[in-house]
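Below is one structure, written out as structure tokens; comments come after it.
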2 protein chains.
Amino acid sequence: MPRRWIPNVLTVINLFAGLVAILLSFVQQWELAVALIFGAALFDSLDGRIARRLNVTSEFGKQLDSLADLVSFGVAPATITYLLVFAHSGWNGYVLAAIFPVCGALRLARFNISSVKGYYIGLPITVAGPILACSAFFAQTMSVTVQALILLILSGLMISTVKVPKM
Amino acid sequence: MPRRWIPNVLTVINLFAGLVAILLSFVQQWELAVALIFGAALFDSLDGRIARRLNVTSEFGKQLDSLADLVSFGVAPATITYLLVFAHSGWNGYVLAAIFPVCGALRLARFNISSVKGYYIGLPITVAGPILACSAFFAQTMSVTVQALILLILSGLMISTVKVPKM
């Protein structure tokens with residue numbers, strides 16, 4: 001396998017994990033679905049680093065990374081949260097669950113065209129997604145209102161202009 | 001609302017429709033889910049045209065469009081196909097369903113960095129997605145093998161270098 005493909009293979013594994021997390025939540029395999037989101041986060045943290053280490057960073061890789069991130073840290077956590085928390089909230093539930101990945105997509109689109117170095121503008125979806133999935137999974141006893149507030153705060157932080165230092 | 005926001009609002013409606021299609025497939029609302037994918041396709045066909053007509057095309061809009069397309073025409077059709085066709089195929093089902101959006105993401109990433117005019121390279125996900133959703137919905141009596149072949153052919157066409165004329 002050419003060396004320049006390695007980071008993209010890691011990104012595809014991230015996307016694949018996110019997709020399976022979505023499908024597993026249909027059969028209420030919550031533990032595995034949440035674990036796969038964290039697995040996706042692990043591969044997401046590796047692809048960029050390895051690309052830089054191997055000196056094979058590419059615009060293609062950056063684009064693929066954002067597409068994978070929207071699925072693994074936007075759609076998958078929103079699906080899990082919808083099914084665990086908002087499934088009985090009618091159309092309010094659909095709207096609430098959809099707000100999170102919509103804000104994630106807006107943030108990723110802004111990130112893709114920005115050239116700011118040293119910090120992120122707005123909470124990264126790679127942080128917000130795992131927090132949302134954990135909040136839905138570990139705090140199912142919290143009221144729907146509190147869970148909705150957590151989702152809305154995370155969504156707002158993603159599209160905000162808050163400066164978040166890079167780790 | 002500033003004029004330059006109008007295309008992006010249409011793209012957000014496309015994404016929102018795709019997200020609700022995913023959530024509706026969890027409650028087996030197949031007709032509405034497939035209809036929403038076609039609704040997403042309608043808004044997707046409008047955003048670019050309106051951006052050009054209003055002379056407000058932007059790199060942000062292009063990025064947001066690809067992110068929305070992956071969800072509405074990649075993840076949503078794959079979810080519907082998984083639930084209708086591959087749900088009893090064990091891990092083969094997860095892998096098959098995931099191949100389609102993975103190929104869609106590879107195609108979108110390639111599209112985002114290309115500057116080819118006049119035609120598309122590879123079948124657009126905006127065409128492949130609605131075909132896959134219809135194939136799963138209208139041809140549920142077809143064997144799992146035939147459905148898997150349709151999915152694999154569409155996935156292959158997306159990442160191929162076939163020239164597809166722009167409509």
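Scheme for the structure tokens: letters A, B, ... for chains in order shown; per-chain residue numbers from 1; ligand numbers from 1 in order shown.
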Exercise for the section: Would you mind listing what lies within 7 Å of region 61-75 of chain A as a VMD selection string, with only C-alpha atoms counted and same-chain residues fewer than 2 positions away left out? Expected result: (chain A and resid 8 11 14 to 15 18 to 19 37 40 57 to 59 77 to 79 100 to 101 104 to 105 108 125 to 126 129 to 130) or (chain B and resid 67 105 to 106 109)
Exercise for the section: Would you list the contacts of region 143-158 of chain B as a ChimeraX atom specification, taking every protein, DNA or RNA residue within 9 Å and counting only C-alpha atoms, but skipping same-chain residues closer than 4 positions in sequence? Expected result: /B:78,81,85-86,89,96-97,99-104,106-107,121-125,128-129,131-132,135-136,139,162
Residues of the last selection are to be written out with N, CA, C and O atoms, as a compact mmCIF listing (two decimals), in the first residue's frame.
```txt
# COMPACT_ATOMS: atom_id res chain seq x y z
N ALA B 78 -28.25 4.22 2.76
CA ALA B 78 -27.59 3.02 3.29
C ALA B 78 -28.33 2.49 4.52
O ALA B 78 -28.47 1.28 4.70
N THR B 81 -31.52 0.84 3.32
CA THR B 81 -31.20 -0.45 2.68
C THR B 81 -30.79 -1.48 3.72
O THR B 81 -31.19 -2.65 3.64
N VAL B 85 -33.15 -4.64 3.91
CA VAL B 85 -32.59 -5.76 3.14
C VAL B 85 -31.54 -6.57 3.90
O VAL B 85 -31.55 -7.80 3.87
N PHE B 86 -30.61 -5.87 4.59
CA PHE B 86 -29.45 -6.57 5.15
C PHE B 86 -29.52 -6.80 6.66
O PHE B 86 -28.54 -7.27 7.25
N SER B 89 -28.41 -10.11 7.91
CA SER B 89 -27.19 -10.66 7.29
C SER B 89 -25.98 -10.56 8.21
O SER B 89 -24.84 -10.71 7.76
N LEU B 96 -21.66 -4.29 4.15
CA LEU B 96 -22.27 -3.92 2.87
C LEU B 96 -22.88 -2.52 2.95
O LEU B 96 -22.65 -1.68 2.08
N ALA B 97 -23.68 -2.29 4.00
CA ALA B 97 -24.36 -0.99 4.13
C ALA B 97 -23.34 0.14 4.26
O ALA B 97 -23.56 1.24 3.74
N ILE B 99 -20.27 0.26 3.01
CA ILE B 99 -19.46 0.47 1.80
C ILE B 99 -19.99 1.64 0.98
O ILE B 99 -19.22 2.46 0.46
N PHE B 100 -21.33 1.75 0.91
CA PHE B 100 -21.93 2.78 0.06
C PHE B 100 -21.56 4.21 0.51
O PHE B 100 -21.02 4.98 -0.30
N PRO B 101 -21.82 4.59 1.79
CA PRO B 101 -21.40 5.95 2.18
C PRO B 101 -19.88 6.14 2.21
O PRO B 101 -19.41 7.27 2.00
N VAL B 102 -19.11 5.07 2.45
CA VAL B 102 -17.65 5.22 2.40
C VAL B 102 -17.23 5.62 0.98
O VAL B 102 -16.46 6.57 0.78
N CYS B 103 -17.77 4.91 -0.04
CA CYS B 103 -17.45 5.26 -1.43
C CYS B 103 -17.98 6.66 -1.76
O CYS B 103 -17.33 7.42 -2.49
N GLY B 104 -19.15 6.99 -1.21
CA GLY B 104 -19.71 8.32 -1.43
C GLY B 104 -18.79 9.40 -0.87
O GLY B 104 -18.56 10.43 -1.50
N LEU B 106 -15.52 9.15 -0.36
CA LEU B 106 -14.31 9.21 -1.19
C LEU B 106 -14.58 10.04 -2.44
O LEU B 106 -13.77 10.86 -2.86
N ARG B 107 -15.76 9.85 -3.04
CA ARG B 107 -16.11 10.61 -4.24
C ARG B 107 -16.28 12.10 -3.94
O ARG B 107 -15.81 12.96 -4.69
N ILE B 121 -16.75 13.39 -12.58
CA ILE B 121 -15.93 12.17 -12.63
C ILE B 121 -16.53 11.20 -11.61
O ILE B 121 -16.51 11.46 -10.41
N GLY B 122 -17.08 10.09 -12.13
CA GLY B 122 -17.77 9.12 -11.26
C GLY B 122 -19.22 9.52 -11.07
O GLY B 122 -19.57 10.70 -11.12
N LEU B 123 -20.07 8.51 -10.86
CA LEU B 123 -21.50 8.77 -10.66
C LEU B 123 -21.70 9.64 -9.41
O LEU B 123 -21.22 9.28 -8.33
N PRO B 124 -22.41 10.78 -9.53
CA PRO B 124 -22.62 11.61 -8.34
C PRO B 124 -23.43 10.88 -7.27
O PRO B 124 -24.35 10.13 -7.61
N ILE B 125 -23.10 11.11 -6.02
CA ILE B 125 -23.82 10.49 -4.90
C ILE B 125 -25.28 10.96 -4.89
O ILE B 125 -26.17 10.23 -4.44
N ALA B 128 -26.76 8.34 -7.17
CA ALA B 128 -26.65 6.98 -6.65
C ALA B 128 -27.54 6.77 -5.41
O ALA B 128 -28.17 5.71 -5.27
N GLY B 129 -27.60 7.77 -4.52
CA GLY B 129 -28.36 7.64 -3.27
C GLY B 129 -29.84 7.38 -3.48
O GLY B 129 -30.38 6.41 -2.97
N ILE B 131 -31.29 6.25 -6.14
CA ILE B 131 -31.46 4.95 -6.82
C ILE B 131 -31.40 3.82 -5.78
O ILE B 131 -32.23 2.92 -5.77
N LEU B 132 -30.41 3.90 -4.87
CA LEU B 132 -30.27 2.84 -3.86
C LEU B 132 -31.51 2.78 -2.97
O LEU B 132 -32.03 1.69 -2.68
N SER B 135 -34.34 1.27 -4.89
CA SER B 135 -34.11 -0.16 -5.12
C SER B 135 -34.46 -0.95 -3.86
O SER B 135 -35.08 -2.02 -3.93
N ALA B 136 -34.07 -0.44 -2.70
CA ALA B 136 -34.38 -1.16 -1.45
C ALA B 136 -35.87 -1.11 -1.14
O ALA B 136 -36.45 -2.10 -0.69
N ALA B 139 -38.13 -2.82 -4.40
CA ALA B 139 -37.80 -4.18 -4.87
C ALA B 139 -37.41 -5.07 -3.70
O ALA B 139 -36.43 -5.80 -3.74
N VAL B 162 -15.45 7.19 -14.48
CA VAL B 162 -16.43 7.35 -15.57
C VAL B 162 -16.83 8.83 -15.67
O VAL B 162 -17.06 9.47 -14.64
```
Exercise for the section: Using backbone DSSP assignments, extract all strand (DSSP E or B) residues from region 35-165 of chain A; output them as a ChimeraX atom specification. Expected result: /A:119-121,163-165
Handout entry: Å distance separating CA of Leu36 (chain A) from CA of Ala21 (chain A), one decimal place
Key =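 So the answer is 5.8 Å.
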Exercise for the section: Work out how far CA of Glu31 (chain A) is from CA of Gln29 (chain B), in Å to one decimal. Expected result: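 Distance reported for this atom pair: 25.7 Å.
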Practice task
Pick out the residues sitting within 10 Å of Ala33 (chain B), and hand them over as a VMD selection string; count only C-alpha atoms, and ignore anything fewer than 5 positions along from it in its own chain.
Solution key: chain B and resid 17 to 28 38 to 39 76 to 77 80 133 137
Just the selected residues (all heavy atoms), exported as a tab-separated table (two decimals), in the first residue's frame, please.
```tsv
chain	number	residue	atom	x	y	z
B	17	ALA	N	-33.54	17.16	5.95
B	17	ALA	CA	-34.40	16.11	5.38
B	17	ALA	C	-33.71	14.75	5.44
B	17	ALA	O	-34.33	13.74	5.79
B	17	ALA	CB	-34.76	16.47	3.93
B	18	GLY	N	-32.40	14.74	5.14
B	18	GLY	CA	-31.65	13.48	5.19
B	18	GLY	C	-31.59	12.92	6.61
B	18	GLY	O	-31.75	11.71	6.82
B	19	LEU	N	-31.38	13.81	7.58
B	19	LEU	CA	-31.30	13.36	8.98
B	19	LEU	C	-32.64	12.79	9.45
B	19	LEU	O	-32.69	11.74	10.10
B	19	LEU	CB	-30.89	14.54	9.88
B	19	LEU	CG	-29.44	15.00	9.72
B	19	LEU	CD1	-29.25	16.39	10.31
B	19	LEU	CD2	-28.49	14.01	10.38
B	20	VAL	N	-33.73	13.47	9.10
B	20	VAL	CA	-35.05	12.98	9.52
B	20	VAL	C	-35.36	11.65	8.80
B	20	VAL	O	-35.97	10.75	9.39
B	20	VAL	CB	-36.15	14.04	9.28
B	20	VAL	CG1	-37.52	13.49	9.63
B	20	VAL	CG2	-35.87	15.28	10.13
B	21	ALA	N	-34.90	11.50	7.55
B	21	ALA	CA	-35.09	10.24	6.82
B	21	ALA	C	-34.42	9.09	7.59
B	21	ALA	O	-34.99	8.00	7.72
B	21	ALA	CB	-34.51	10.34	5.41
B	22	ILE	N	-33.22	9.35	8.12
B	22	ILE	CA	-32.51	8.32	8.91
B	22	ILE	C	-33.33	7.96	10.15
B	22	ILE	O	-33.57	6.79	10.43
B	22	ILE	CB	-31.10	8.83	9.34
B	22	ILE	CG1	-30.21	9.00	8.11
B	22	ILE	CG2	-30.45	7.87	10.33
B	22	ILE	CD1	-28.91	9.75	8.37
B	23	LEU	N	-33.79	8.98	10.87
B	23	LEU	CA	-34.53	8.73	12.11
B	23	LEU	C	-35.87	8.05	11.83
B	23	LEU	O	-36.30	7.18	12.59
B	23	LEU	CB	-34.73	10.05	12.88
B	23	LEU	CG	-33.43	10.77	13.29
B	23	LEU	CD1	-33.74	12.09	13.96
B	23	LEU	CD2	-32.57	9.89	14.21
B	24	LEU	N	-36.53	8.42	10.72
B	24	LEU	CA	-37.82	7.80	10.38
B	24	LEU	C	-37.67	6.33	10.01
B	24	LEU	O	-38.61	5.55	10.21
B	24	LEU	CB	-38.48	8.56	9.22
B	24	LEU	CG	-39.17	9.87	9.59
B	24	LEU	CD1	-39.61	10.60	8.33
B	24	LEU	CD2	-40.37	9.62	10.50
B	25	SER	N	-36.51	5.98	9.48
B	25	SER	CA	-36.35	4.58	9.10
B	25	SER	C	-36.26	3.69	10.34
B	25	SER	O	-36.54	2.51	10.27
B	25	SER	CB	-35.15	4.39	8.16
B	25	SER	OG	-33.97	4.82	8.78
B	26	PHE	N	-35.90	4.28	11.48
B	26	PHE	CA	-35.89	3.53	12.74
B	26	PHE	C	-37.31	3.10	13.12
B	26	PHE	O	-37.49	2.10	13.80
B	26	PHE	CB	-35.34	4.38	13.89
B	26	PHE	CG	-33.85	4.54	13.87
B	26	PHE	CD1	-33.27	5.59	13.22
B	26	PHE	CD2	-33.03	3.64	14.52
B	26	PHE	CE1	-31.89	5.75	13.19
B	26	PHE	CE2	-31.66	3.78	14.51
B	26	PHE	CZ	-31.09	4.85	13.84
B	27	VAL	N	-38.29	3.89	12.73
B	27	VAL	CA	-39.68	3.53	13.07
B	27	VAL	C	-40.41	3.02	11.82
B	27	VAL	O	-41.63	3.06	11.74
B	27	VAL	CB	-40.44	4.73	13.71
B	27	VAL	CG1	-39.97	4.93	15.14
B	27	VAL	CG2	-40.25	6.01	12.91
B	28	GLN	N	-39.61	2.55	10.87
B	28	GLN	CA	-40.13	1.88	9.67
B	28	GLN	C	-41.11	2.72	8.86
B	28	GLN	O	-42.03	2.19	8.26
B	28	GLN	CB	-40.74	0.53	10.07
B	28	GLN	CG	-39.69	-0.36	10.69
B	28	GLN	CD	-40.26	-1.60	11.36
B	28	GLN	OE1	-41.43	-1.88	11.21
B	28	GLN	NE2	-39.42	-2.31	12.07
B	38	PHE	N	-35.85	12.23	-1.63
B	38	PHE	CA	-36.14	12.95	-2.88
B	38	PHE	C	-36.34	14.44	-2.61
B	38	PHE	O	-35.96	15.28	-3.42
B	38	PHE	CB	-37.35	12.31	-3.58
B	38	PHE	CG	-36.97	11.11	-4.39
B	38	PHE	CD1	-36.85	9.86	-3.80
B	38	PHE	CD2	-36.66	11.23	-5.74
B	38	PHE	CE1	-36.45	8.74	-4.53
B	38	PHE	CE2	-36.26	10.13	-6.48
B	38	PHE	CZ	-36.16	8.88	-5.87
B	39	GLY	N	-36.92	14.76	-1.46
B	39	GLY	CA	-37.05	16.17	-1.07
B	39	GLY	C	-35.67	16.80	-0.92
B	39	GLY	O	-35.43	17.92	-1.39
B	76	ALA	N	-28.33	8.10	4.65
B	76	ALA	CA	-29.78	7.80	4.72
B	76	ALA	C	-30.16	6.62	3.82
B	76	ALA	O	-30.80	5.67	4.30
B	76	ALA	CB	-30.59	9.06	4.38
B	77	PRO	N	-29.78	6.60	2.52
B	77	PRO	CA	-30.12	5.43	1.71
B	77	PRO	C	-29.48	4.14	2.24
B	77	PRO	O	-30.10	3.07	2.19
B	77	PRO	CB	-29.55	5.77	0.32
B	77	PRO	CG	-29.47	7.26	0.30
B	77	PRO	CD	-29.14	7.65	1.70
B	80	ILE	N	-31.58	2.91	5.21
B	80	ILE	CA	-32.84	2.32	4.75
B	80	ILE	C	-32.57	0.94	4.15
B	80	ILE	O	-33.29	-0.04	4.43
B	80	ILE	CB	-33.51	3.26	3.71
B	80	ILE	CG1	-34.01	4.52	4.41
B	80	ILE	CG2	-34.65	2.55	2.97
B	80	ILE	CD1	-34.49	5.62	3.47
B	133	ALA	N	-31.98	3.96	-2.53
B	133	ALA	CA	-33.15	4.00	-1.64
B	133	ALA	C	-34.37	3.39	-2.35
B	133	ALA	O	-35.12	2.61	-1.76
B	133	ALA	CB	-33.42	5.44	-1.21
B	137	PHE	N	-36.50	0.02	-1.44
B	137	PHE	CA	-37.91	0.20	-1.07
B	137	PHE	C	-38.87	-0.51	-2.03
B	137	PHE	O	-39.80	-1.19	-1.58
B	137	PHE	CB	-38.23	1.70	-1.03
B	137	PHE	CG	-39.65	2.00	-0.67
B	137	PHE	CD1	-40.16	1.66	0.58
B	137	PHE	CD2	-40.50	2.60	-1.58
B	137	PHE	CE1	-41.48	1.92	0.91
B	137	PHE	CE2	-41.82	2.87	-1.26
B	137	PHE	CZ	-42.31	2.53	-0.02
```
Handout entry: Length of the CA of Pro2 (chain B) to CA of Leu54 (chain B) vector [Å]
Key =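 Taking CA of Pro2 (chain B) and CA of Leu54 (chain B), their separation equals 11.3 Å.
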